[in-house]
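*Asks:* Sharing entry-v6.csv below, CSV, C-alpha atoms and all ligand atoms:
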```csv
chain,number,residue,atom,x,y,z
I,1,MET,CA,86.5,45.7,141.1
I,2,ARG,CA,85.3,47.0,137.7
I,3,GLU,CA,81.8,47.6,139.1
I,4,ARG,CA,83.2,49.3,142.2
I,5,LEU,CA,85.2,51.7,139.9
I,6,GLU,CA,82.3,52.5,137.7
I,7,ALA,CA,80.1,53.1,140.7
I,8,LEU,CA,82.7,55.5,142.1
I,9,CYS,CA,82.9,57.3,138.8
I,10,GLY,CA,79.1,57.8,138.8
I,11,GLU,CA,79.1,58.9,142.4
I,12,GLY,CA,82.0,61.3,141.9
I,13,LEU,CA,80.5,63.0,138.9
I,14,ALA,CA,77.1,63.4,140.6
I,15,ALA,CA,78.8,64.9,143.7
I,16,ILE,CA,80.9,67.3,141.6
I,17,ALA,CA,77.8,68.4,139.7
I,18,ALA,CA,76.0,69.1,142.9
I,19,ALA,CA,78.8,71.1,144.6
I,20,GLU,CA,77.7,74.6,145.5
I,21,SER,CA,81.0,76.2,146.5
I,22,ARG,CA,84.6,75.8,145.9
I,23,ALA,CA,85.1,74.7,149.5
I,24,GLN,CA,82.6,72.0,149.1
I,25,LEU,CA,84.2,70.9,145.8
I,26,ALA,CA,87.6,70.7,147.5
I,27,GLU,CA,86.2,68.3,150.1
I,28,ILE,CA,84.7,66.1,147.4
I,29,GLU,CA,88.0,66.1,145.5
I,30,SER,CA,89.9,65.0,148.5
I,31,SER,CA,87.3,62.3,149.4
I,32,PHE,CA,87.9,60.8,145.9
I,33,LEU,CA,91.3,61.7,144.8
I,34,GLY,CA,93.0,62.6,148.1
I,35,ARG,CA,95.6,60.5,149.9
I,36,THR,CA,92.9,58.5,151.7
I,37,GLY,CA,90.3,59.0,148.9
I,38,ALA,CA,88.0,56.3,147.7
I,39,LEU,CA,89.5,56.2,144.2
I,40,THR,CA,93.1,56.4,145.5
I,41,ALA,CA,92.3,53.3,147.7
I,42,GLN,CA,91.2,51.4,144.6
I,43,LEU,CA,94.3,52.4,142.7
I,44,LYS,CA,96.4,51.2,145.6
I,45,GLY,CA,94.6,47.8,145.5
I,46,LEU,CA,95.5,47.2,141.8
I,47,GLY,CA,98.6,45.4,142.9
I,48,LYS,CA,96.6,42.7,144.5
I,49,LEU,CA,94.8,41.8,141.3
I,50,GLU,CA,95.6,38.8,139.1
I,51,ALA,CA,98.3,39.7,136.6
I,52,ALA,CA,95.9,39.0,133.7
I,53,GLU,CA,93.3,41.4,135.0
I,54,ARG,CA,95.6,44.1,136.0
I,55,PRO,CA,96.2,46.0,132.7
I,56,ALA,CA,92.5,46.4,131.8
I,57,ILE,CA,91.4,47.4,135.3
I,58,GLY,CA,94.4,49.7,135.7
I,59,LYS,CA,93.6,51.4,132.4
I,60,LEU,CA,89.9,51.9,133.5
I,61,ALA,CA,91.0,53.2,136.9
I,62,ASN,CA,93.2,55.8,135.3
I,63,GLU,CA,90.6,56.9,132.8
I,64,ILE,CA,88.1,57.4,135.6
I,65,LYS,CA,90.7,59.3,137.6
I,66,GLN,CA,91.3,61.6,134.6
I,67,LYS,CA,87.6,62.1,134.0
I,68,LEU,CA,87.0,63.1,137.6
I,69,GLN,CA,90.0,65.4,137.6
I,70,GLN,CA,88.7,67.2,134.4
I,71,ALA,CA,85.2,67.5,136.0
I,72,PHE,CA,86.8,69.0,139.2
I,73,ASP,CA,88.7,71.5,137.1
I,74,ALA,CA,85.8,72.6,134.9
I,75,VAL,CA,83.3,72.9,137.8
I,76,GLY,CA,86.0,74.6,139.9
I,77,GLU,CA,86.5,77.2,137.2
I,78,THR,CA,82.8,77.9,136.9
I,79,LEU,CA,82.3,78.2,140.7
I,80,LYS,CA,85.3,80.5,140.8
I,81,GLN,CA,83.7,82.8,138.2
I,82,GLU,CA,80.4,82.7,140.0
I,83,GLU,CA,81.9,83.5,143.3
I,84,LEU,CA,83.9,86.4,141.9
I,85,ALA,CA,80.8,87.8,140.2
I,86,ALA,CA,78.9,87.5,143.5
I,87,ASP,CA,81.7,89.3,145.4
I,88,LEU,CA,81.8,92.0,142.8
I,89,ALA,CA,78.0,92.3,142.8
I,90,SER,CA,78.1,92.7,146.5
I,91,VAL,CA,80.2,95.8,146.1
I,92,GLY,CA,78.1,97.1,143.2
I,93,VAL,CA,80.1,95.9,140.2
I,94,ASP,CA,78.2,94.3,137.3
I,95,CYS,CA,80.7,92.3,135.4
I,96,SER,CA,78.3,91.5,132.6
I,97,LEU,CA,78.6,95.1,131.4
I,98,PRO,CA,81.0,95.5,128.4
I,99,GLY,CA,84.4,96.9,129.4
I,100,PRO,CA,86.0,100.1,128.1
I,101,THR,CA,86.9,99.5,124.4
I,102,VAL,CA,90.6,99.9,123.6
I,103,GLU,CA,91.0,101.3,120.2
I,104,LEU,CA,93.9,100.1,118.2
I,105,GLY,CA,95.9,102.8,116.5
I,106,SER,CA,97.3,102.5,113.0
I,107,VAL,CA,100.6,103.5,111.5
I,108,HIS,CA,100.6,106.9,109.7
I,109,PRO,CA,101.2,106.5,106.0
I,110,VAL,CA,104.3,108.7,106.1
I,111,MET,CA,105.7,106.5,108.9
I,112,ALA,CA,104.8,103.4,107.0
I,113,ILE,CA,106.7,104.5,103.8
I,114,ALA,CA,109.6,105.8,106.0
I,115,ARG,CA,110.0,102.4,107.6
I,116,GLU,CA,109.9,100.7,104.2
I,117,LEU,CA,112.5,103.0,102.8
I,118,GLU,CA,114.7,102.7,105.9
I,119,ASP,CA,114.7,98.9,105.4
I,120,ILE,CA,115.6,99.3,101.7
I,121,PHE,CA,118.5,101.8,102.4
I,122,GLN,CA,119.8,99.9,105.4
I,123,SER,CA,120.0,96.8,103.1
I,124,MET,CA,122.3,99.0,100.9
I,125,GLY,CA,124.5,99.8,103.9
I,126,PHE,CA,123.1,103.2,104.8
I,127,VAL,CA,122.9,104.4,108.5
I,128,ILE,CA,119.9,106.4,109.7
I,129,TRP,CA,120.7,109.7,111.3
I,130,ASP,CA,118.5,112.4,112.9
I,131,GLY,CA,118.8,116.1,113.2
I,132,PRO,CA,116.8,118.7,115.1
I,133,GLU,CA,113.7,120.4,113.7
I,134,LEU,CA,114.8,123.6,115.2
I,135,GLU,CA,118.0,124.1,113.3
I,136,SER,CA,120.7,126.8,113.2
I,137,GLU,CA,120.8,129.2,110.3
I,138,ALA,CA,124.3,128.0,109.6
I,139,ASN,CA,123.4,124.4,109.1
I,140,ASN,CA,120.1,125.0,107.3
I,141,PHE,CA,121.6,127.5,104.9
I,142,ASP,CA,125.2,128.6,105.0
I,143,ALA,CA,126.9,125.2,105.3
I,144,LEU,CA,124.7,124.2,102.3
I,145,ASN,CA,126.1,126.9,100.1
I,146,ILE,CA,123.1,129.1,100.6
I,147,PRO,CA,124.5,132.4,102.0
I,148,SER,CA,122.1,135.1,103.3
I,149,ASP,CA,122.0,137.0,100.0
I,150,HIS,CA,121.2,133.8,98.0
I,151,PRO,CA,117.9,133.9,96.1
I,152,ALA,CA,117.3,130.2,97.0
I,153,ARG,CA,116.5,131.4,100.5
I,154,GLU,CA,113.3,133.0,99.1
I,155,SER,CA,111.6,129.6,98.5
I,156,HIS,CA,112.7,128.4,102.0
I,157,ASP,CA,110.8,131.0,104.0
I,158,THR,CA,110.2,129.7,107.5
I,159,ILE,CA,109.6,130.6,111.1
I,160,TRP,CA,112.6,132.2,113.0
I,161,MET,CA,113.2,132.0,116.7
I,162,LYS,CA,113.9,135.2,118.6
I,163,SER,CA,117.5,135.2,119.8
I,164,ALA,CA,119.9,137.6,121.4
I,165,ASP,CA,122.5,139.2,119.1
I,166,GLU,CA,125.4,137.0,120.1
I,167,GLU,CA,123.4,133.7,119.7
I,168,PRO,CA,123.3,131.9,116.4
I,169,ARG,CA,120.0,132.4,114.7
I,170,ARG,CA,117.7,129.4,114.6
I,171,CYS,CA,114.7,128.5,112.5
I,172,LEU,CA,112.3,125.6,111.8
I,173,ARG,CA,114.4,123.7,109.3
I,174,THR,CA,113.1,124.0,105.8
I,175,HIS,CA,114.6,120.7,104.6
I,176,THR,CA,116.4,117.6,105.9
I,177,SER,CA,119.6,118.6,104.0
I,178,PRO,CA,121.3,120.1,107.1
I,179,VAL,CA,121.5,116.6,108.4
I,180,GLN,CA,124.1,116.0,105.6
I,181,VAL,CA,126.4,118.4,107.4
I,182,ARG,CA,125.6,117.1,110.8
I,183,ALA,CA,126.2,113.5,109.9
I,184,LEU,CA,129.5,114.3,108.0
I,185,ARG,CA,130.8,116.3,111.0
I,186,GLU,CA,129.8,113.4,113.3
I,187,PHE,CA,131.1,110.5,111.3
I,188,GLY,CA,133.4,111.9,108.6
I,189,ALA,CA,134.0,110.3,105.3
I,190,PRO,CA,133.4,107.7,103.8
I,191,LEU,CA,129.7,107.7,104.8
I,192,ARG,CA,126.3,106.5,103.6
I,193,VAL,CA,123.4,108.0,105.5
I,194,ILE,CA,119.7,108.7,105.3
I,195,ALA,CA,117.9,111.2,107.5
I,196,PRO,CA,114.1,111.1,107.5
I,197,GLY,CA,112.2,113.9,109.2
I,198,ARG,CA,109.7,116.7,109.4
I,199,VAL,CA,110.3,120.0,107.7
I,200,PHE,CA,108.5,123.4,107.6
I,201,ARG,CA,107.9,126.1,105.0
I,202,GLN,CA,105.9,129.2,104.6
I,203,GLU,CA,103.6,127.9,101.9
I,204,ALA,CA,100.3,128.9,100.3
I,205,GLN,CA,98.6,125.6,101.0
I,206,ASP,CA,96.9,123.5,98.3
I,207,ALA,CA,96.6,119.8,97.4
I,208,THR,CA,100.3,119.5,96.9
I,209,HIS,CA,101.7,122.1,99.3
I,210,GLU,CA,101.7,122.1,103.1
I,211,HIS,CA,103.5,124.1,105.7
I,212,THR,CA,104.6,120.9,107.5
I,213,PHE,CA,105.7,117.8,105.5
I,214,HIS,CA,108.3,115.0,105.5
I,215,GLN,CA,111.5,114.4,103.6
I,216,MET,CA,114.2,111.8,103.6
I,217,GLU,CA,117.7,113.0,102.9
I,218,GLY,CA,120.3,110.7,101.4
I,219,LEU,CA,124.0,111.2,101.3
I,220,VAL,CA,126.9,109.0,100.1
I,221,VAL,CA,130.4,110.3,100.4
I,222,GLY,CA,133.4,108.2,99.4
I,223,LYS,CA,136.3,108.1,96.9
I,224,ASN,CA,135.4,108.5,93.2
I,225,ILE,CA,131.6,108.6,93.8
I,226,GLY,CA,129.8,109.9,90.8
I,227,VAL,CA,126.4,110.2,89.0
I,228,PRO,CA,126.3,106.4,88.1
I,229,HIS,CA,126.4,105.6,91.8
I,230,MET,CA,123.6,108.0,92.4
I,231,LEU,CA,121.4,106.6,89.6
I,232,HIS,CA,122.0,103.1,90.8
I,233,ALA,CA,121.0,103.9,94.4
I,234,MET,CA,117.9,105.8,93.2
I,235,ASN,CA,116.8,103.0,90.8
I,236,SER,CA,117.3,100.3,93.5
I,237,MET,CA,115.3,102.3,95.9
I,238,LEU,CA,112.4,102.7,93.4
I,239,GLU,CA,112.5,99.0,92.6
I,240,GLY,CA,112.2,98.2,96.3
I,241,VAL,CA,109.2,100.5,96.7
I,242,PHE,CA,107.3,99.7,93.6
I,243,LYS,CA,108.4,96.0,93.4
I,244,ARG,CA,109.5,96.3,89.8
I,245,LYS,CA,112.0,98.2,87.7
I,246,LEU,CA,110.8,101.7,86.6
I,247,GLU,CA,112.2,103.6,83.7
I,248,THR,CA,113.9,106.7,85.0
I,249,ARG,CA,115.4,109.9,83.5
I,250,LEU,CA,117.6,112.7,84.9
I,251,ARG,CA,116.9,116.3,84.0
I,252,PRO,CA,119.1,119.2,85.1
I,253,GLY,CA,118.0,120.9,88.3
I,254,PHE,CA,119.5,123.7,90.4
I,255,PHE,CA,120.2,123.4,94.1
I,256,PRO,CA,123.0,125.4,95.6
I,257,PHE,CA,124.4,122.4,97.6
I,258,VAL,CA,124.9,120.1,94.6
I,259,GLU,CA,126.8,120.5,91.3
I,260,PRO,CA,125.7,119.1,88.9
I,261,GLY,CA,122.1,119.0,90.2
I,262,PHE,CA,119.3,116.9,88.8
I,263,GLU,CA,115.7,116.0,89.0
I,264,LEU,CA,114.9,112.4,88.8
I,265,ASP,CA,111.7,111.4,87.0
I,266,ALA,CA,110.2,108.0,86.8
I,267,ARG,CA,107.8,106.5,84.2
I,268,CYS,CA,104.4,106.8,85.9
I,269,PRO,CA,103.8,103.4,87.6
I,270,PHE,CA,100.0,103.9,87.5
I,271,CYS,CA,99.3,104.2,83.7
I,272,LYS,CA,100.6,103.5,80.2
I,273,GLY,CA,99.4,106.5,78.3
I,274,GLY,CA,99.0,109.3,80.9
I,275,CYS,CA,96.7,109.7,83.9
I,276,LYS,CA,95.8,112.2,86.6
I,277,VAL,CA,98.9,111.4,88.7
I,278,CYS,CA,101.4,112.1,85.9
I,279,LYS,CA,99.1,114.8,84.5
I,280,GLY,CA,99.0,113.1,81.2
I,281,SER,CA,102.8,113.2,80.7
I,282,THR,CA,103.6,109.5,81.7
I,283,TRP,CA,106.5,110.9,83.8
I,284,ILE,CA,106.4,111.8,87.4
I,285,GLU,CA,108.9,114.0,89.1
I,286,LEU,CA,110.3,111.9,92.0
I,287,MET,CA,113.2,113.5,93.7
I,288,PRO,CA,116.0,116.0,93.3
I,289,GLY,CA,119.6,115.1,93.8
I,290,GLY,CA,123.1,115.7,92.6
I,291,LEU,CA,126.8,115.6,93.4
I,292,VAL,CA,127.7,117.2,96.7
I,293,HIS,CA,129.1,120.7,96.1
I,294,PRO,CA,132.7,121.0,97.2
I,295,ASN,CA,131.7,123.9,99.5
I,296,VAL,CA,129.4,121.7,101.4
I,297,LEU,CA,132.1,119.0,101.9
I,298,THR,CA,134.5,121.7,103.1
I,299,ALA,CA,131.9,123.2,105.5
I,300,ALA,CA,131.4,119.7,106.9
I,301,GLY,CA,135.2,119.2,107.4
I,302,VAL,CA,135.7,116.8,104.5
I,303,ASP,CA,138.4,117.4,101.9
I,304,PRO,CA,136.7,117.7,98.4
I,305,ASN,CA,140.0,116.9,96.7
I,306,GLU,CA,140.0,113.5,98.4
I,307,TYR,CA,136.3,112.7,98.6
I,308,SER,CA,133.2,113.2,96.4
I,309,GLY,CA,129.6,112.2,96.9
I,310,PHE,CA,126.0,112.4,95.9
I,311,ALA,CA,122.9,113.6,97.8
I,312,PHE,CA,119.2,113.4,97.2
I,313,GLY,CA,116.1,114.8,98.9
I,314,LEU,CA,113.2,112.4,98.8
I,315,GLY,CA,109.7,113.8,99.5
I,316,LEU,CA,108.3,111.3,102.0
I,317,SER,CA,104.9,112.9,102.0
I,318,ARG,CA,104.9,112.7,98.2
I,319,MET,CA,106.1,109.1,98.2
I,320,ALA,CA,103.3,108.2,100.6
I,321,MET,CA,100.8,110.0,98.4
I,322,LEU,CA,102.0,108.1,95.3
I,323,ARG,CA,102.1,104.8,97.2
I,324,TYR,CA,98.7,105.0,98.8
I,325,GLY,CA,96.8,107.0,96.2
I,326,ILE,CA,96.3,110.0,98.5
I,327,HIS,CA,95.3,113.0,96.4
I,328,ASP,CA,95.6,115.8,99.0
I,329,ILE,CA,98.7,116.4,101.1
I,330,ARG,CA,96.6,118.4,103.6
I,331,TYR,CA,95.2,115.1,105.0
I,332,MET,CA,98.7,114.1,106.2
I,333,CYS,CA,98.9,116.4,109.2
I,334,SER,CA,95.2,117.0,109.6
I,335,GLY,CA,94.9,114.5,112.5
I,336,ASP,CA,91.6,113.4,110.9
I,337,LEU,CA,90.8,109.9,112.2
I,338,ARG,CA,88.6,109.1,109.2
I,339,PHE,CA,91.7,109.5,107.1
I,340,LEU,CA,94.2,107.9,109.4
I,341,LYS,CA,92.0,104.8,110.2
I,342,GLN,CA,92.3,103.7,106.6
I,343,PHE,CA,95.9,102.8,107.1
I,344,LYS,CA,95.9,99.7,109.2
I,345,ALA,CA,99.5,98.4,109.5
F,1,LIG,N1,116.7,120.1,100.2
F,1,LIG,C1,116.0,120.3,98.9
F,1,LIG,C2,114.7,120.9,99.2
F,1,LIG,O1,114.0,120.7,100.1
F,1,LIG,C3,115.9,119.0,98.2
F,1,LIG,C4,117.2,118.5,97.7
F,1,LIG,C5,117.7,118.7,96.5
F,1,LIG,C6,117.9,117.6,98.5
F,1,LIG,C7,118.8,118.2,96.0
F,1,LIG,C8,119.2,117.1,98.1
F,1,LIG,C9,119.6,117.4,96.8
F,1,LIG,O2,119.9,116.4,98.8
F,1,LIG,O3,120.8,116.9,96.4
F,1,LIG,O4,114.2,121.6,98.3
```
How would this structure read if it were set down as structure tokens?
*Replies:*
Amino acid sequence: MRERLEALCGEGLAAIAAAESRAQLAEIESSFLGRTGALTAQLKGLGKLEAAERPAIGKLANEIKQKLQQAFDAVGETLKQEELAADLASVGVDCSLPGPTVELGSVHPVMAIARELEDIFQSMGFVIWDGPELESEANNFDALNIPSDHPARESHDTIWMKSADEEPRRCLRTHTSPVQVRALREFGAPLRVIAPGRVFRQEAQDATHEHTFHQMEGLVVGKNIGVPHMLHAMNSMLEGVFKRKLETRLRPGFFPFVEPGFELDARCPFCKGGCKVCKGSTWIELMPGGLVHPNVLTAAGVDPNEYSGFAFGLGLSRMAMLRYGIHDIRYMCSGDLRFLKQFKA
């Protein structure tokens, strides 16, 4: 029986190799492995063998069956490809030509830093909230304690929409701070929220000024919230981004919607004794912030006698520049693929 099995194996492999079509291959398969196939017949005969012979012959028969099955599958696949190619060729398609290349995009550096910061702030219990880029004058300015005669409006020159007299005036928002008001009106106090987004200004463009850029607003309102809470949140955020503790300092800064207001500087993470990034000073200006002005809380429907809070305005474009060593903000919205392709993420 051993000889018969080995002969069948040889015959089978030769027949498979000679098959010219899938139909022919299917016939060969059934003549060996089908219900009445030659190998199947041998397998059925195993029971009649002497008990001592049975295990070795049985093993051999199964090995041959497997070998033939693998050969059927492999040749079947090749014939399938060939038949498909022939079909396509008959209608004029050459499948040996390269297909259209699908280019993989990459994550914009501002989005990459935004996602990273969102993770960090979410881990500190902040929610992420969004506001419209076309914002009402009331939210962008008045509710933030910047009335129409306030000199701070000067540095927030922007594009205004035409509107009928009775409609509220709207503009391209000049900062993400109006989302403070929106989020407080939506959720009330206590609240921890960040609001990343795109903002617009009338700017003379240069390497650090652009008419369109990105910010991330932060706001925490609760009972007895003060400057130490703000410092702690800012330092934790910096540690998350730069993966180590950075020395920081607060300087006084003026923004109508906070009192007191600050500028947070961090010890330059790129040098020890001064470099281009910190302009030789070893400090870099990172973000403004302060304690939310009572007028802002009131405008957002929160009682300033019960609640206090802090807010900060993180320059996302600036953070991305620091993080990735980008020396000109104008690349950010340029749409230049040579720039964007460098940020595979
Ligand atoms: N909105 C300000 C700007 O764009 C930045 C800012 C300053 C935001 C202080 C704040 C803050 O939340 O507390 O110039």
*Asks:* Please extract the residues at most 9 Å from ligand LIG 1 (chain F), counting only C-alpha atoms and all ligand atoms, and provide them as a ChimeraX atom specification, using the chain letters and residue numbers of this document.
*Replies:* /I:155-156,174-178,180,199,215-219,253-259,261-263,287-292,310-315
*Asks:* Can you list, as an MDAnalysis selection string, every protein, DNA or RNA residue that comes within 7 Å of segment 110-126 of chain I when you count all atoms listed in the file, leaving out same-chain residues fewer than 4 positions away?
*Replies:* chainID I and resid 192:194 237 240 316:317 320
*Asks:* With all atoms listed in the file as the atoms that count, which of I:Ala138, I:Ile146, I:Met1, I:Ile225 lies nearest to Ala56 of chain I?
*Replies:*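 Residue with the minimum atom-to-atom distance to Ala56 of chain I: I:Met1.
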*Asks:* How far is it from atom CA of Gly301 of chain I to atom CA of Pro260 of chain I, in Å with one decimal?
*Replies:* 20.8 Å
*Asks:* (112.0, 100.1, 92.0) in this file's frame - what residues fall within 8 Å of it? Use all atoms listed in the file and give the answer as a list of chain:residue names.
*Replies:*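 In the file's frame, the residues around the point are I:Asn235, I:Ser236, I:Met237, I:Leu238, I:Glu239, I:Gly240, I:Val241, I:Phe242, I:Lys243, I:Arg244, I:Lys245, I:Leu246.
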*Asks:* Could you write out that same residue set with C-alpha atoms as a CSV table (one decimal), in the frame of the given file?
*Replies:*
```
chain,number,residue,atom,x,y,z
I,235,ASN,CA,116.8,103.0,90.8
I,236,SER,CA,117.3,100.3,93.5
I,237,MET,CA,115.3,102.3,95.9
I,238,LEU,CA,112.4,102.7,93.4
I,239,GLU,CA,112.5,99.0,92.6
I,240,GLY,CA,112.2,98.2,96.3
I,241,VAL,CA,109.2,100.5,96.7
I,242,PHE,CA,107.3,99.7,93.6
I,243,LYS,CA,108.4,96.0,93.4
I,244,ARG,CA,109.5,96.3,89.8
I,245,LYS,CA,112.0,98.2,87.7
I,246,LEU,CA,110.8,101.7,86.6
```
*Asks:* Could you please give me, as a PyMOL selection string, the residues of protein, DNA or RNA lying at most 12 Å from (90.9, 62.0, 135.6) in the coordinate frame of the file, considering all atoms listed in the file?
*Replies:* chain I and resi 9+12-13+29+32-33+39-40+59-74
*Asks:* Quick one: pull the distance between atom CA of Gly76 of chain I and atom CA of Ala23 of chain I, Å, one decimal.
*Replies:*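 Distance between the two atoms: 9.6 Å.
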*Asks:* Please provide as a VMD selection string all residues within 6 Å of Cys171 of chain I, with the sequence filter that same-chain residues fewer than 5 positions apart are discarded (counting all atoms listed in the file).
*Replies:* chain I and resid 134 to 135 159 to 161
*Asks:* What does the structure give for the distance between atom CA of Ser334 of chain I and atom CA of Ala195 of chain I, in Å to one decimal?
*Replies:*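 Rounded to one decimal, the two atoms are 23.5 Å apart.
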*Asks:* Could I get segment 118-126 of chain I rebuilt with all heavy atoms, written as a JSON list (two decimals), in the coordinates of the input?
*Replies:*
```json
[["chain", "number", "residue", "atom", "x", "y", "z"],
["I", 118, "GLU", "N", 113.55, 102.95, 104.98],
["I", 118, "GLU", "CA", 114.70, 102.70, 105.90],
["I", 118, "GLU", "C", 115.21, 101.30, 105.70],
["I", 118, "GLU", "O", 116.42, 101.07, 105.65],
["I", 118, "GLU", "CB", 114.25, 102.94, 107.34],
["I", 118, "GLU", "CG", 114.12, 104.41, 107.69],
["I", 118, "GLU", "CD", 113.45, 104.65, 109.03],
["I", 118, "GLU", "OE1", 113.22, 103.68, 109.78],
["I", 118, "GLU", "OE2", 113.14, 105.82, 109.32],
["I", 119, "ASP", "N", 114.28, 100.34, 105.58],
["I", 119, "ASP", "CA", 114.70, 98.90, 105.40],
["I", 119, "ASP", "C", 115.51, 98.82, 104.07],
["I", 119, "ASP", "O", 116.55, 98.17, 104.03],
["I", 119, "ASP", "CB", 113.48, 98.02, 105.25],
["I", 119, "ASP", "CG", 112.93, 97.68, 106.62],
["I", 119, "ASP", "OD1", 113.60, 98.02, 107.62],
["I", 119, "ASP", "OD2", 111.83, 97.10, 106.69],
["I", 120, "ILE", "N", 114.99, 99.46, 103.02],
["I", 120, "ILE", "CA", 115.60, 99.30, 101.70],
["I", 120, "ILE", "C", 117.05, 99.96, 101.79],
["I", 120, "ILE", "O", 118.04, 99.34, 101.38],
["I", 120, "ILE", "CB", 114.81, 100.06, 100.62],
["I", 120, "ILE", "CG1", 113.49, 99.32, 100.43],
["I", 120, "ILE", "CG2", 115.59, 100.16, 99.31],
["I", 120, "ILE", "CD1", 112.50, 100.04, 99.53],
["I", 121, "PHE", "N", 117.15, 101.16, 102.37],
["I", 121, "PHE", "CA", 118.50, 101.80, 102.40],
["I", 121, "PHE", "C", 119.41, 101.11, 103.38],
["I", 121, "PHE", "O", 120.62, 101.03, 103.13],
["I", 121, "PHE", "CB", 118.32, 103.30, 102.77],
["I", 121, "PHE", "CG", 117.91, 104.13, 101.58],
["I", 121, "PHE", "CD1", 116.67, 104.75, 101.53],
["I", 121, "PHE", "CD2", 118.76, 104.28, 100.50],
["I", 121, "PHE", "CE1", 116.29, 105.51, 100.43],
["I", 121, "PHE", "CE2", 118.40, 105.03, 99.39],
["I", 121, "PHE", "CZ", 117.15, 105.65, 99.35],
["I", 122, "GLN", "N", 118.87, 100.60, 104.47],
["I", 122, "GLN", "CA", 119.80, 99.90, 105.40],
["I", 122, "GLN", "C", 120.34, 98.64, 104.70],
["I", 122, "GLN", "O", 121.48, 98.28, 104.91],
["I", 122, "GLN", "CB", 118.99, 99.45, 106.66],
["I", 122, "GLN", "CG", 118.99, 100.57, 107.69],
["I", 122, "GLN", "CD", 118.29, 100.17, 108.96],
["I", 122, "GLN", "OE1", 117.19, 99.62, 108.92],
["I", 122, "GLN", "NE2", 118.89, 100.45, 110.08],
["I", 123, "SER", "N", 119.52, 98.01, 103.83],
["I", 123, "SER", "CA", 120.00, 96.80, 103.10],
["I", 123, "SER", "C", 121.14, 97.24, 102.14],
["I", 123, "SER", "O", 121.92, 96.41, 101.69],
["I", 123, "SER", "CB", 118.90, 96.11, 102.39],
["I", 123, "SER", "OG", 118.56, 96.81, 101.21],
["I", 124, "MET", "N", 121.22, 98.53, 101.81],
["I", 124, "MET", "CA", 122.30, 99.00, 100.90],
["I", 124, "MET", "C", 123.45, 99.61, 101.77],
["I", 124, "MET", "O", 124.31, 100.31, 101.24],
["I", 124, "MET", "CB", 121.78, 100.04, 99.95],
["I", 124, "MET", "CG", 120.77, 99.49, 98.96],
["I", 124, "MET", "SD", 120.51, 100.59, 97.54],
["I", 124, "MET", "CE", 119.20, 101.63, 98.11],
["I", 125, "GLY", "N", 123.42, 99.41, 103.07],
["I", 125, "GLY", "CA", 124.50, 99.80, 103.90],
["I", 125, "GLY", "C", 124.44, 101.26, 104.43],
["I", 125, "GLY", "O", 125.44, 101.82, 104.90],
["I", 126, "PHE", "N", 123.26, 101.88, 104.34],
["I", 126, "PHE", "CA", 123.10, 103.20, 104.80],
["I", 126, "PHE", "C", 122.80, 103.20, 106.35],
["I", 126, "PHE", "O", 122.13, 102.29, 106.83],
["I", 126, "PHE", "CB", 121.91, 103.94, 104.16],
["I", 126, "PHE", "CG", 122.18, 104.42, 102.76],
["I", 126, "PHE", "CD1", 122.39, 103.52, 101.72],
["I", 126, "PHE", "CD2", 122.22, 105.77, 102.47],
["I", 126, "PHE", "CE1", 122.62, 103.94, 100.43],
["I", 126, "PHE", "CE2", 122.46, 106.22, 101.18],
["I", 126, "PHE", "CZ", 122.67, 105.30, 100.15]]
```
